[in-house]
Amino acid sequence: MNREALFCDGTENYVIPSEPMPEEAVEFLFRTAADDADSVELYLDGAFYEMEKSDTVHNFDYYRIYRKTGTEMMKYCFRIRKGEEVVYYNQYGPCDSLVDFYAFRICPGFTTPQWAKGAVMYQIFTDRFCNGDPSNSVVDNEYYYINEPVKAVKDWNQTPSVMDVRNFYGGDLQGVKDKLDYLQDLGVKVIYFNPLFVSPSNHKYDNQDYDYIDPHFGVIINDLEEPENEADFREGFHAARYQKRVTDWENLEASNRFFAELVEEIHSRGMKVILDGVFNHCGSFHKWMDREHIYEGMEGFEPGAYVSADSPYRSYFDFRDSGEEAWPNNGNYDGWWGHDTLPKLNYEASDSLVEYILRIGQKWVSAPYHVDGWRLDVAADLGHDKEYNHEFWKKFRRAVKEANPDALILAEHYGDPKEWLEGDEWDSVMNYDAFMEPVTWFLTGMEKHSDEERPDLCGNADAFVHMISHNMTCYMTPSLQTAMNELSNHDHSRFLTRTNHLVGRLGAYSPEDAERNIKPAVMREAVVMQMTWVGAPTVYYGDEAGLCGFTDPDNRRTYPWGREDKEMIAFHKVMIGLHNQYQAFLTGSIKILAAQECVLAYGRFDIRNQFVIVINSGGECRQVQIPVWLAEFPMDGSMKRLVYSQNEGYTTDVVTCPVEGGNAWVHMDAYSAAVFINSENEEK
């Protein structure tokens, strides 16, 4: 039996409908090589059901069967017989026995938003993207943050310092609005914002008020003049100025109105918006805690939990009273990972806290804001145990989907996310394990923080295939198609910097070291994979412009307006355009075709189009034989190369390559990537 020819997945090519409702008839298909099986059976609910051979196309036989869903999760695989040979086929591929861990899964009634499937996302760390309104910028010494005054960075091109959290460059939502033409021209379909709500830090993962957009990102109408002398400053003018800016109702309401208008403008261009929801913890500045006494005594605000033991918010946090063992590193309240600026929210002790956060989940996906989804920060950490964590996210999903059924719920998560992806909690996750890490190891041999180098994984196609295939089985297909596939983000080193193989961070190295000996050709290989793999390719602002940087905070450099790598931007436009043009890249099947030392080839295909992507991550030229027929190319014909990148640059000149006997031979230069399409149906 030709095991390589065996194929099935959860896409609409093999499960019809691919997102069935409860009690709905579903058609299952399975593929074998022509005349290569005596029987194919569906294994479902502990029983085998024989499938009927119905079609033969391109040297493949297709077997079909109809089954009706119930209300519970369906787990299934296939058994194929040929003579005495028996093969089982599951989500990982062919194997010799039943393996429950790798079973295909369908959850009746679970769907992910159609707009998010394969959608090209663009992540914006707002303070560093573009300063469109200098009048709303943080000013020097405006307030204290972690015992030091904040600073306004005057030089937009200055690289971040090692202690960067108090430094503000002035990027804002007006700057995003000013650059919407650029993002639209790039081909972006979704803008994902790092946190936008009121917060004293530049990253805003220490929330101060979930109900309002920070006026430093939005609009400042009412302001105070600068202090006239040093004495005024010493008397606390900085605190008064900060309070006036971020607690003034007119500034807050104006900022929310501006954000609503911005979302409307983004929607008018056919793009969506995702907000960052930081619900595991808030900031010590938050009106609920008020450790810094920002809100104390202000009209309209109750005393914070740090100010008074009688605060209505006291149960929102876990305090240790005198006589009890204090929280480590943190005095008398629980801080996330011990950080006193990040008090952990105590959901189990407060129904009103739960109700408030559920309302916030609904508020921003409803009128007048109409946001299209949430990215959930450290989502698995919320609560004090896993049982409650699941209980909360079930409530959150119900609340958000009730307000906006088409909203996306996407979580930050490291490790196996399967237990949260059973149809009643998250839609999907940031795809570290089944994209960022395997791609980074294969192309660079570097860990995603640049904290380690593994030469044994660089160019190791077998390790890549096993790692990524294993981790992809943790997703049902609707989740996999909406998973956030990033090369870089605000928490990890820039991918382009990883190509220089320097192990370390800012401090051990200078910012200039992050830019030395980089390999743009390897970056382009990564972009080809990002735009042709299953999931939602997500560009971290500036990656497309050649931005470098070690891990946080160096990865948060400003967008290099006027200093862009124009070739890298042009290449991103080509690959994003290709991705957006063909449905096969959004919801099509994927199959590994070849995996050799430094060489990887895979197919993306649906009934309309078939593609082959070839990567040579090594420093030597290679001649590669690719069994393209396994990606449903005809046995004889041709394929056309649409994009080719190598050390000297890239080209979109079309080159025809013959297919003979189901195979194609292609020449791949060092550090090259190519995208081919089946010539017979390239216009479909």
# chains A, B, ... in the order shown; residues from 1 in each chain; ligands from 1

$ residues_around --residues "range 663-665 of chain A" --least-positions-apart "5" --cutoff "8 Å" --atoms "only C-alpha atoms" --output "list in words"
Gln623, Val624, Gln625, Ile626, Pro627, Val628, Trp629, Met635, Cys657 and Pro658 of chain A

$ residues_around --residues "Asn280 in chain A" --least-positions-apart "4" --cutoff "12 Å" --atoms "only C-alpha atoms" --output "ChimeraX atom specification"
/A:205-207,276,316-317,334-337,342-347,353-354,357,376-384,389,392-393,411-412

$ residues_around --residues "Ile518 in chain A" --least-positions-apart "3" --cutoff "10 Å" --atoms "only C-alpha atoms" --output "VMD selection string"
chain A and resid 495 to 502 513 to 515 521 to 523 548

$ write_last_selection --atoms "N, CA and C atoms" --output "tab-separated table (two decimals), in the first residue's frame"
chain	number	residue	atom	x	y	z
A	495	PHE	N	12.50	38.19	14.22
A	495	PHE	CA	12.98	37.03	13.46
A	495	PHE	C	14.24	37.38	12.69
A	496	LEU	N	14.31	38.57	12.11
A	496	LEU	CA	15.48	38.93	11.31
A	496	LEU	C	16.74	38.92	12.16
A	497	THR	N	16.62	39.29	13.43
A	497	THR	CA	17.78	39.23	14.32
A	497	THR	C	18.18	37.78	14.61
A	498	ARG	N	17.21	36.88	14.69
A	498	ARG	CA	17.55	35.47	14.92
A	498	ARG	C	18.42	34.90	13.81
A	499	THR	N	18.35	35.49	12.62
A	499	THR	CA	19.14	34.95	11.51
A	499	THR	C	20.63	35.20	11.67
A	500	ASN	N	21.04	36.03	12.68
A	500	ASN	CA	22.48	36.27	12.87
A	500	ASN	C	23.09	35.33	13.91
A	501	HIS	N	22.24	34.50	14.54
A	501	HIS	CA	22.71	33.42	15.44
A	501	HIS	C	23.41	33.95	16.69
A	502	LEU	N	23.13	35.17	17.11
A	502	LEU	CA	23.67	35.68	18.37
A	502	LEU	C	22.76	35.25	19.51
A	513	ASP	N	24.30	45.29	17.50
A	513	ASP	CA	24.60	43.88	17.30
A	513	ASP	C	23.41	43.11	16.74
A	514	ALA	N	22.21	43.58	17.07
A	514	ALA	CA	21.01	42.91	16.58
A	514	ALA	C	20.87	43.02	15.07
A	515	GLU	N	21.57	43.98	14.46
A	515	GLU	CA	21.46	44.23	13.03
A	515	GLU	C	22.65	43.67	12.24
A	521	ALA	N	17.64	36.87	3.21
A	521	ALA	CA	17.13	35.75	2.42
A	521	ALA	C	16.44	34.72	3.32
A	522	VAL	N	16.97	34.51	4.51
A	522	VAL	CA	16.34	33.58	5.45
A	522	VAL	C	15.02	34.17	5.95
A	523	MET	N	15.00	35.48	6.16
A	523	MET	CA	13.74	36.14	6.54
A	523	MET	C	12.70	35.94	5.45
A	548	CYS	N	14.93	45.10	13.21
A	548	CYS	CA	15.66	44.12	14.01
A	548	CYS	C	15.43	44.39	15.49

$ closest_atom_pairs --of "range 452-529 of chain A" --to "range 426-436 of chain A" --cutoff "9 Å" --atoms "only C-alpha atoms" --output "JSON lines"
{"residue": "A:Met467", "atom": "CA", "partner": "A:Ala434", "partner_atom": "CA", "distance": 7.4}
{"residue": "A:Ile468", "atom": "CA", "partner": "A:Ala434", "partner_atom": "CA", "distance": 4.9}
{"residue": "A:Ser469", "atom": "CA", "partner": "A:Ala434", "partner_atom": "CA", "distance": 7.5}
{"residue": "A:His470", "atom": "CA", "partner": "A:Ala434", "partner_atom": "CA", "distance": 8.0}
{"residue": "A:Asn471", "atom": "CA", "partner": "A:Ala434", "partner_atom": "CA", "distance": 5.1}
{"residue": "A:Met472", "atom": "CA", "partner": "A:Ala434", "partner_atom": "CA", "distance": 5.5}
{"residue": "A:Thr473", "atom": "CA", "partner": "A:Ala434", "partner_atom": "CA", "distance": 9.0}
{"residue": "A:Cys474", "atom": "CA", "partner": "A:Ala434", "partner_atom": "CA", "distance": 8.9}
{"residue": "A:Tyr475", "atom": "CA", "partner": "A:Ser428", "partner_atom": "CA", "distance": 8.1}
{"residue": "A:Pro478", "atom": "CA", "partner": "A:Asp427", "partner_atom": "CA", "distance": 7.8}
{"residue": "A:Ser479", "atom": "CA", "partner": "A:Ser428", "partner_atom": "CA", "distance": 4.7}
{"residue": "A:Leu480", "atom": "CA", "partner": "A:Ser428", "partner_atom": "CA", "distance": 7.0}
{"residue": "A:Gln481", "atom": "CA", "partner": "A:Ser428", "partner_atom": "CA", "distance": 8.6}
{"residue": "A:Thr482", "atom": "CA", "partner": "A:Ser428", "partner_atom": "CA", "distance": 6.3}
{"residue": "A:Ala483", "atom": "CA", "partner": "A:Ser428", "partner_atom": "CA", "distance": 5.4}
{"residue": "A:Met484", "atom": "CA", "partner": "A:Met430", "partner_atom": "CA", "distance": 4.6}
{"residue": "A:Asn485", "atom": "CA", "partner": "A:Asn431", "partner_atom": "CA", "distance": 5.3}
{"residue": "A:Glu486", "atom": "CA", "partner": "A:Met436", "partner_atom": "CA", "distance": 5.9}
{"residue": "A:Leu487", "atom": "CA", "partner": "A:Met436", "partner_atom": "CA", "distance": 5.6}
{"residue": "A:Ser488", "atom": "CA", "partner": "A:Met436", "partner_atom": "CA", "distance": 7.9}

$ select_by_dssp --residues "range 317-552 of chain A" --states "strand (DSSP E or B)" --output "PyMOL selection string"
chain A and resi 319+327+331+333+335+343-344+373-376+408-411+428-430+446+453+484-486+506+509+536-540

$ residues_around --residues "range 300-315 of chain A" --least-positions-apart "6" --cutoff "6 Å" --atoms "only C-alpha atoms" --output "PyMOL selection string"
chain A and resi 287-291+349-350

$ write_last_selection --atoms "C-alpha atoms" --output "short mmCIF file (atom, residue, chain, number, x, y, z; two decimals), in the first residue's frame"
data_model
loop_
_atom_site.label_atom_id
_atom_site.label_comp_id
_atom_site.auth_asym_id
_atom_site.auth_seq_id
_atom_site.Cartn_x
_atom_site.Cartn_y
_atom_site.Cartn_z
CA LYS A 287 -8.95 52.43 40.36
CA TRP A 288 -9.81 49.13 42.07
CA MET A 289 -6.38 48.90 43.76
CA ASP A 290 -5.14 52.52 43.70
CA ARG A 291 -1.82 51.79 45.36
CA ALA A 349 -13.95 35.60 45.58
CA SER A 350 -16.04 38.18 43.72
#

$ residues_around --residues "Thr587 in chain A" --least-positions-apart "4" --cutoff "10 Å" --atoms "only C-alpha atoms" --output "PDB file with all heavy atoms, in the first residue's frame"
ATOM      1  N   GLY A  10      -9.509  17.845   8.109  1.00  0.00           N
ATOM      2  CA  GLY A  10     -10.787  18.399   8.541  1.00  0.00           C
ATOM      3  C   GLY A  10     -11.292  19.545   7.708  1.00  0.00           C
ATOM      4  O   GLY A  10     -12.254  20.214   8.103  1.00  0.00           O
ATOM      5  N   THR A  11     -10.671  19.793   6.542  1.00  0.00           N
ATOM      6  CA  THR A  11     -11.107  20.898   5.690  1.00  0.00           C
ATOM      7  C   THR A  11     -12.379  20.533   4.942  1.00  0.00           C
ATOM      8  O   THR A  11     -12.822  19.375   4.925  1.00  0.00           O
ATOM      9  CB  THR A  11     -10.023  21.282   4.676  1.00  0.00           C
ATOM     10  OG1 THR A  11      -9.885  20.210   3.721  1.00  0.00           O
ATOM     11  CG2 THR A  11      -8.681  21.519   5.360  1.00  0.00           C
ATOM     12  N   GLU A  12     -12.940  21.524   4.261  1.00  0.00           N
ATOM     13  CA  GLU A  12     -14.170  21.311   3.507  1.00  0.00           C
ATOM     14  C   GLU A  12     -13.973  20.363   2.334  1.00  0.00           C
ATOM     15  O   GLU A  12     -14.953  19.937   1.714  1.00  0.00           O
ATOM     16  CB  GLU A  12     -14.687  22.662   2.995  1.00  0.00           C
ATOM     17  CG  GLU A  12     -13.704  23.384   2.070  1.00  0.00           C
ATOM     18  CD  GLU A  12     -14.156  24.783   1.703  1.00  0.00           C
ATOM     19  OE1 GLU A  12     -15.266  25.167   2.132  1.00  0.00           O
ATOM     20  OE2 GLU A  12     -13.416  25.484   0.992  1.00  0.00           O
ATOM     21  N   ASN A  13     -12.721  20.012   2.026  1.00  0.00           N
ATOM     22  CA  ASN A  13     -12.474  19.041   0.969  1.00  0.00           C
ATOM     23  C   ASN A  13     -12.772  17.618   1.417  1.00  0.00           C
ATOM     24  O   ASN A  13     -13.015  16.741   0.584  1.00  0.00           O
ATOM     25  CB  ASN A  13     -11.007  19.111   0.528  1.00  0.00           C
ATOM     26  CG  ASN A  13     -10.618  20.472   0.005  1.00  0.00           C
ATOM     27  OD1 ASN A  13     -11.394  21.115  -0.693  1.00  0.00           O
ATOM     28  ND2 ASN A  13      -9.431  20.932   0.375  1.00  0.00           N
ATOM     29  N   GLN A 114     -15.657  33.173   9.809  1.00  0.00           N
ATOM     30  CA  GLN A 114     -15.155  32.950   8.457  1.00  0.00           C
ATOM     31  C   GLN A 114     -14.117  33.995   8.069  1.00  0.00           C
ATOM     32  O   GLN A 114     -13.127  33.691   7.405  1.00  0.00           O
ATOM     33  CB  GLN A 114     -16.327  32.957   7.465  1.00  0.00           C
ATOM     34  CG  GLN A 114     -16.010  32.356   6.104  1.00  0.00           C
ATOM     35  CD  GLN A 114     -15.687  30.871   6.165  1.00  0.00           C
ATOM     36  OE1 GLN A 114     -16.182  30.156   7.031  1.00  0.00           O
ATOM     37  NE2 GLN A 114     -14.845  30.410   5.254  1.00  0.00           N
ATOM     38  N   LYS A 117     -10.431  33.110   9.111  1.00  0.00           N
ATOM     39  CA  LYS A 117      -9.742  31.941   8.579  1.00  0.00           C
ATOM     40  C   LYS A 117      -8.689  32.386   7.555  1.00  0.00           C
ATOM     41  O   LYS A 117      -9.017  32.883   6.486  1.00  0.00           O
ATOM     42  CB  LYS A 117     -10.733  30.970   7.945  1.00  0.00           C
ATOM     43  CG  LYS A 117     -11.658  30.289   8.948  1.00  0.00           C
ATOM     44  CD  LYS A 117     -12.649  29.366   8.248  1.00  0.00           C
ATOM     45  CE  LYS A 117     -13.410  28.509   9.236  1.00  0.00           C
ATOM     46  NZ  LYS A 117     -14.316  29.253  10.109  1.00  0.00           N
ATOM     47  N   GLY A 118      -7.430  32.216   7.915  1.00  0.00           N
ATOM     48  CA  GLY A 118      -6.355  32.605   7.017  1.00  0.00           C
ATOM     49  C   GLY A 118      -6.167  34.101   6.874  1.00  0.00           C
ATOM     50  O   GLY A 118      -5.395  34.544   6.009  1.00  0.00           O
ATOM     51  N   THR A 477      -9.810  21.703  13.087  1.00  0.00           N
ATOM     52  CA  THR A 477      -9.533  22.495  11.882  1.00  0.00           C
ATOM     53  C   THR A 477      -9.998  23.948  11.986  1.00  0.00           C
ATOM     54  O   THR A 477      -9.254  24.856  11.596  1.00  0.00           O
ATOM     55  CB  THR A 477     -10.146  21.809  10.652  1.00  0.00           C
ATOM     56  OG1 THR A 477      -9.519  20.530  10.486  1.00  0.00           O
ATOM     57  CG2 THR A 477      -9.934  22.635   9.394  1.00  0.00           C
ATOM     58  N   PRO A 478     -11.198  24.250  12.508  1.00  0.00           N
ATOM     59  CA  PRO A 478     -11.591  25.663  12.607  1.00  0.00           C
ATOM     60  C   PRO A 478     -10.629  26.490  13.454  1.00  0.00           C
ATOM     61  O   PRO A 478     -10.425  27.682  13.178  1.00  0.00           O
ATOM     62  CB  PRO A 478     -12.984  25.602  13.249  1.00  0.00           C
ATOM     63  CG  PRO A 478     -13.507  24.249  12.894  1.00  0.00           C
ATOM     64  CD  PRO A 478     -12.302  23.347  12.928  1.00  0.00           C
ATOM     65  N   LEU A 480      -7.311  25.701  13.869  1.00  0.00           N
ATOM     66  CA  LEU A 480      -6.039  25.755  13.148  1.00  0.00           C
ATOM     67  C   LEU A 480      -6.070  26.833  12.073  1.00  0.00           C
ATOM     68  O   LEU A 480      -5.093  27.557  11.862  1.00  0.00           O
ATOM     69  CB  LEU A 480      -5.746  24.389  12.528  1.00  0.00           C
ATOM     70  CG  LEU A 480      -4.344  24.163  11.980  1.00  0.00           C
ATOM     71  CD1 LEU A 480      -3.296  24.271  13.071  1.00  0.00           C
ATOM     72  CD2 LEU A 480      -4.252  22.803  11.299  1.00  0.00           C
ATOM     73  N   GLN A 481      -7.194  26.966  11.402  1.00  0.00           N
ATOM     74  CA  GLN A 481      -7.302  27.941  10.313  1.00  0.00           C
ATOM     75  C   GLN A 481      -7.312  29.379  10.809  1.00  0.00           C
ATOM     76  O   GLN A 481      -7.066  30.304  10.026  1.00  0.00           O
ATOM     77  CB  GLN A 481      -8.570  27.659   9.498  1.00  0.00           C
ATOM     78  CG  GLN A 481      -8.495  26.347   8.712  1.00  0.00           C
ATOM     79  CD  GLN A 481      -9.811  25.981   8.060  1.00  0.00           C
ATOM     80  OE1 GLN A 481     -10.879  26.453   8.457  1.00  0.00           O
ATOM     81  NE2 GLN A 481      -9.756  25.133   7.049  1.00  0.00           N
ATOM     82  N   THR A 482      -7.578  29.589  12.092  1.00  0.00           N
ATOM     83  CA  THR A 482      -7.598  30.941  12.649  1.00  0.00           C
ATOM     84  C   THR A 482      -6.446  31.184  13.621  1.00  0.00           C
ATOM     85  O   THR A 482      -6.392  32.242  14.264  1.00  0.00           O
ATOM     86  CB  THR A 482      -8.937  31.205  13.369  1.00  0.00           C
ATOM     87  OG1 THR A 482      -9.172  30.165  14.329  1.00  0.00           O
ATOM     88  CG2 THR A 482     -10.088  31.238  12.389  1.00  0.00           C
ATOM     89  N   VAL A 534      -0.919  26.822   7.085  1.00  0.00           N
ATOM     90  CA  VAL A 534      -2.297  26.889   7.564  1.00  0.00           C
ATOM     91  C   VAL A 534      -2.378  27.843   8.757  1.00  0.00           C
ATOM     92  O   VAL A 534      -1.583  27.737   9.696  1.00  0.00           O
ATOM     93  CB  VAL A 534      -2.793  25.496   8.002  1.00  0.00           C
ATOM     94  CG1 VAL A 534      -4.245  25.582   8.462  1.00  0.00           C
ATOM     95  CG2 VAL A 534      -2.646  24.500   6.876  1.00  0.00           C
ATOM     96  N   GLY A 535      -3.335  28.756   8.729  1.00  0.00           N
ATOM     97  CA  GLY A 535      -3.516  29.683   9.837  1.00  0.00           C
ATOM     98  C   GLY A 535      -3.593  31.116   9.365  1.00  0.00           C
ATOM     99  O   GLY A 535      -3.638  31.403   8.154  1.00  0.00           O
ATOM    100  N   TYR A 582      -5.787  33.404  -3.212  1.00  0.00           N
ATOM    101  CA  TYR A 582      -6.189  32.013  -3.407  1.00  0.00           C
ATOM    102  C   TYR A 582      -6.793  31.424  -2.132  1.00  0.00           C
ATOM    103  O   TYR A 582      -6.175  31.440  -1.062  1.00  0.00           O
ATOM    104  CB  TYR A 582      -4.998  31.167  -3.840  1.00  0.00           C
ATOM    105  CG  TYR A 582      -4.464  31.542  -5.205  1.00  0.00           C
ATOM    106  CD1 TYR A 582      -3.330  32.336  -5.334  1.00  0.00           C
ATOM    107  CD2 TYR A 582      -5.100  31.111  -6.372  1.00  0.00           C
ATOM    108  CE1 TYR A 582      -2.834  32.685  -6.586  1.00  0.00           C
ATOM    109  CE2 TYR A 582      -4.616  31.460  -7.622  1.00  0.00           C
ATOM    110  CZ  TYR A 582      -3.483  32.250  -7.730  1.00  0.00           C
ATOM    111  OH  TYR A 582      -3.005  32.587  -8.973  1.00  0.00           O
ATOM    112  N   GLN A 583      -7.984  30.869  -2.272  1.00  0.00           N
ATOM    113  CA  GLN A 583      -8.676  30.263  -1.144  1.00  0.00           C
ATOM    114  C   GLN A 583      -7.904  29.087  -0.575  1.00  0.00           C
ATOM    115  O   GLN A 583      -8.014  28.778   0.624  1.00  0.00           O
ATOM    116  CB  GLN A 583     -10.075  29.799  -1.582  1.00  0.00           C
ATOM    117  CG  GLN A 583     -10.970  29.352  -0.444  1.00  0.00           C
ATOM    118  CD  GLN A 583     -11.355  30.487   0.494  1.00  0.00           C
ATOM    119  OE1 GLN A 583     -11.478  31.646   0.078  1.00  0.00           O
ATOM    120  NE2 GLN A 583     -11.548  30.162   1.765  1.00  0.00           N
ATOM    121  N   ARG A 604      -0.214  22.889  -0.756  1.00  0.00           N
ATOM    122  CA  ARG A 604      -1.467  23.484  -0.289  1.00  0.00           C
ATOM    123  C   ARG A 604      -2.455  23.351  -1.436  1.00  0.00           C
ATOM    124  O   ARG A 604      -2.152  23.737  -2.574  1.00  0.00           O
ATOM    125  CB  ARG A 604      -1.303  24.972   0.066  1.00  0.00           C
ATOM    126  CG  ARG A 604      -0.453  25.245   1.281  1.00  0.00           C
ATOM    127  CD  ARG A 604      -1.007  24.661   2.577  1.00  0.00           C
ATOM    128  NE  ARG A 604      -2.405  24.951   2.860  1.00  0.00           N
ATOM    129  CZ  ARG A 604      -2.852  26.074   3.443  1.00  0.00           C
ATOM    130  NH1 ARG A 604      -1.997  27.026   3.770  1.00  0.00           N
ATOM    131  NH2 ARG A 604      -4.146  26.238   3.687  1.00  0.00           N
ATOM    132  N   PHE A 605      -3.646  22.818  -1.166  1.00  0.00           N
ATOM    133  CA  PHE A 605      -4.543  22.527  -2.276  1.00  0.00           C
ATOM    134  C   PHE A 605      -5.988  22.460  -1.834  1.00  0.00           C
ATOM    135  O   PHE A 605      -6.308  22.177  -0.673  1.00  0.00           O
ATOM    136  CB  PHE A 605      -4.144  21.213  -2.958  1.00  0.00           C
ATOM    137  CG  PHE A 605      -3.974  20.042  -2.018  1.00  0.00           C
ATOM    138  CD1 PHE A 605      -5.025  19.162  -1.772  1.00  0.00           C
ATOM    139  CD2 PHE A 605      -2.769  19.819  -1.378  1.00  0.00           C
ATOM    140  CE1 PHE A 605      -4.878  18.087  -0.918  1.00  0.00           C
ATOM    141  CE2 PHE A 605      -2.605  18.740  -0.517  1.00  0.00           C
ATOM    142  CZ  PHE A 605      -3.659  17.876  -0.276  1.00  0.00           C
ATOM    143  N   ASP A 606      -6.860  22.768  -2.778  1.00  0.00           N
ATOM    144  CA  ASP A 606      -8.291  22.519  -2.656  1.00  0.00           C
ATOM    145  C   ASP A 606      -8.779  22.126  -4.045  1.00  0.00           C
ATOM    146  O   ASP A 606      -7.964  21.840  -4.933  1.00  0.00           O
ATOM    147  CB  ASP A 606      -9.039  23.733  -2.088  1.00  0.00           C
ATOM    148  CG  ASP A 606      -8.882  25.004  -2.924  1.00  0.00           C
ATOM    149  OD1 ASP A 606      -8.455  24.910  -4.100  1.00  0.00           O
ATOM    150  OD2 ASP A 606      -9.197  26.104  -2.405  1.00  0.00           O
TER     151      ASP A 606
END

$ atom_distance --atom1 "CA of Gly459 in chain A" --atom2 "CA of Pro438 in chain A"
10.7 Å

$ closest_residue --among "A:Lys566, A:Phe442, A:Asn147, A:Trp115" --to "Ala407 in chain A" --atoms "only C-alpha atoms"
A:Trp115

$ closest_residue --among "A:Tyr62, A:Phe129, A:Phe7, A:Trp374" --to "Ile592 in chain A" --atoms "only C-alpha atoms"
A:Phe7

$ atom_distance --atom1 "CA of Asp543 in chain A" --atom2 "CA of Gly619 in chain A"
23.3 Å

$ select_by_dssp --residues "range 130-191 of chain A" --states "helix (DSSP H, G or I)" --output "PyMOL selection string"
chain A and resi 134-136+173-178+180-186

$ closest_residue --among "A:Ala37, A:Val86, A:Val165, A:Ala119" --to "Glu52 in chain A" --atoms "only C-alpha atoms"
A:Ala37

$ residues_around --residues "Ser201 in chain A" --least-positions-apart "4" --cutoff "12 Å" --atoms "only C-alpha atoms" --output "PyMOL selection string"
chain A and resi 126-127+138+143-146+148-151+163-169+195-197+205-208+214+216-217+282-285+341-342

$ residues_around --residues "Asn222 in chain A" --least-positions-apart "6" --cutoff "9 Å" --atoms "only C-alpha atoms" --output "VMD selection string"
chain A and resid 244 to 245 248 250 to 251

$ atom_distance --atom1 "CA of Tyr671 in chain A" --atom2 "CA of Arg641 in chain A"
16.7 Å
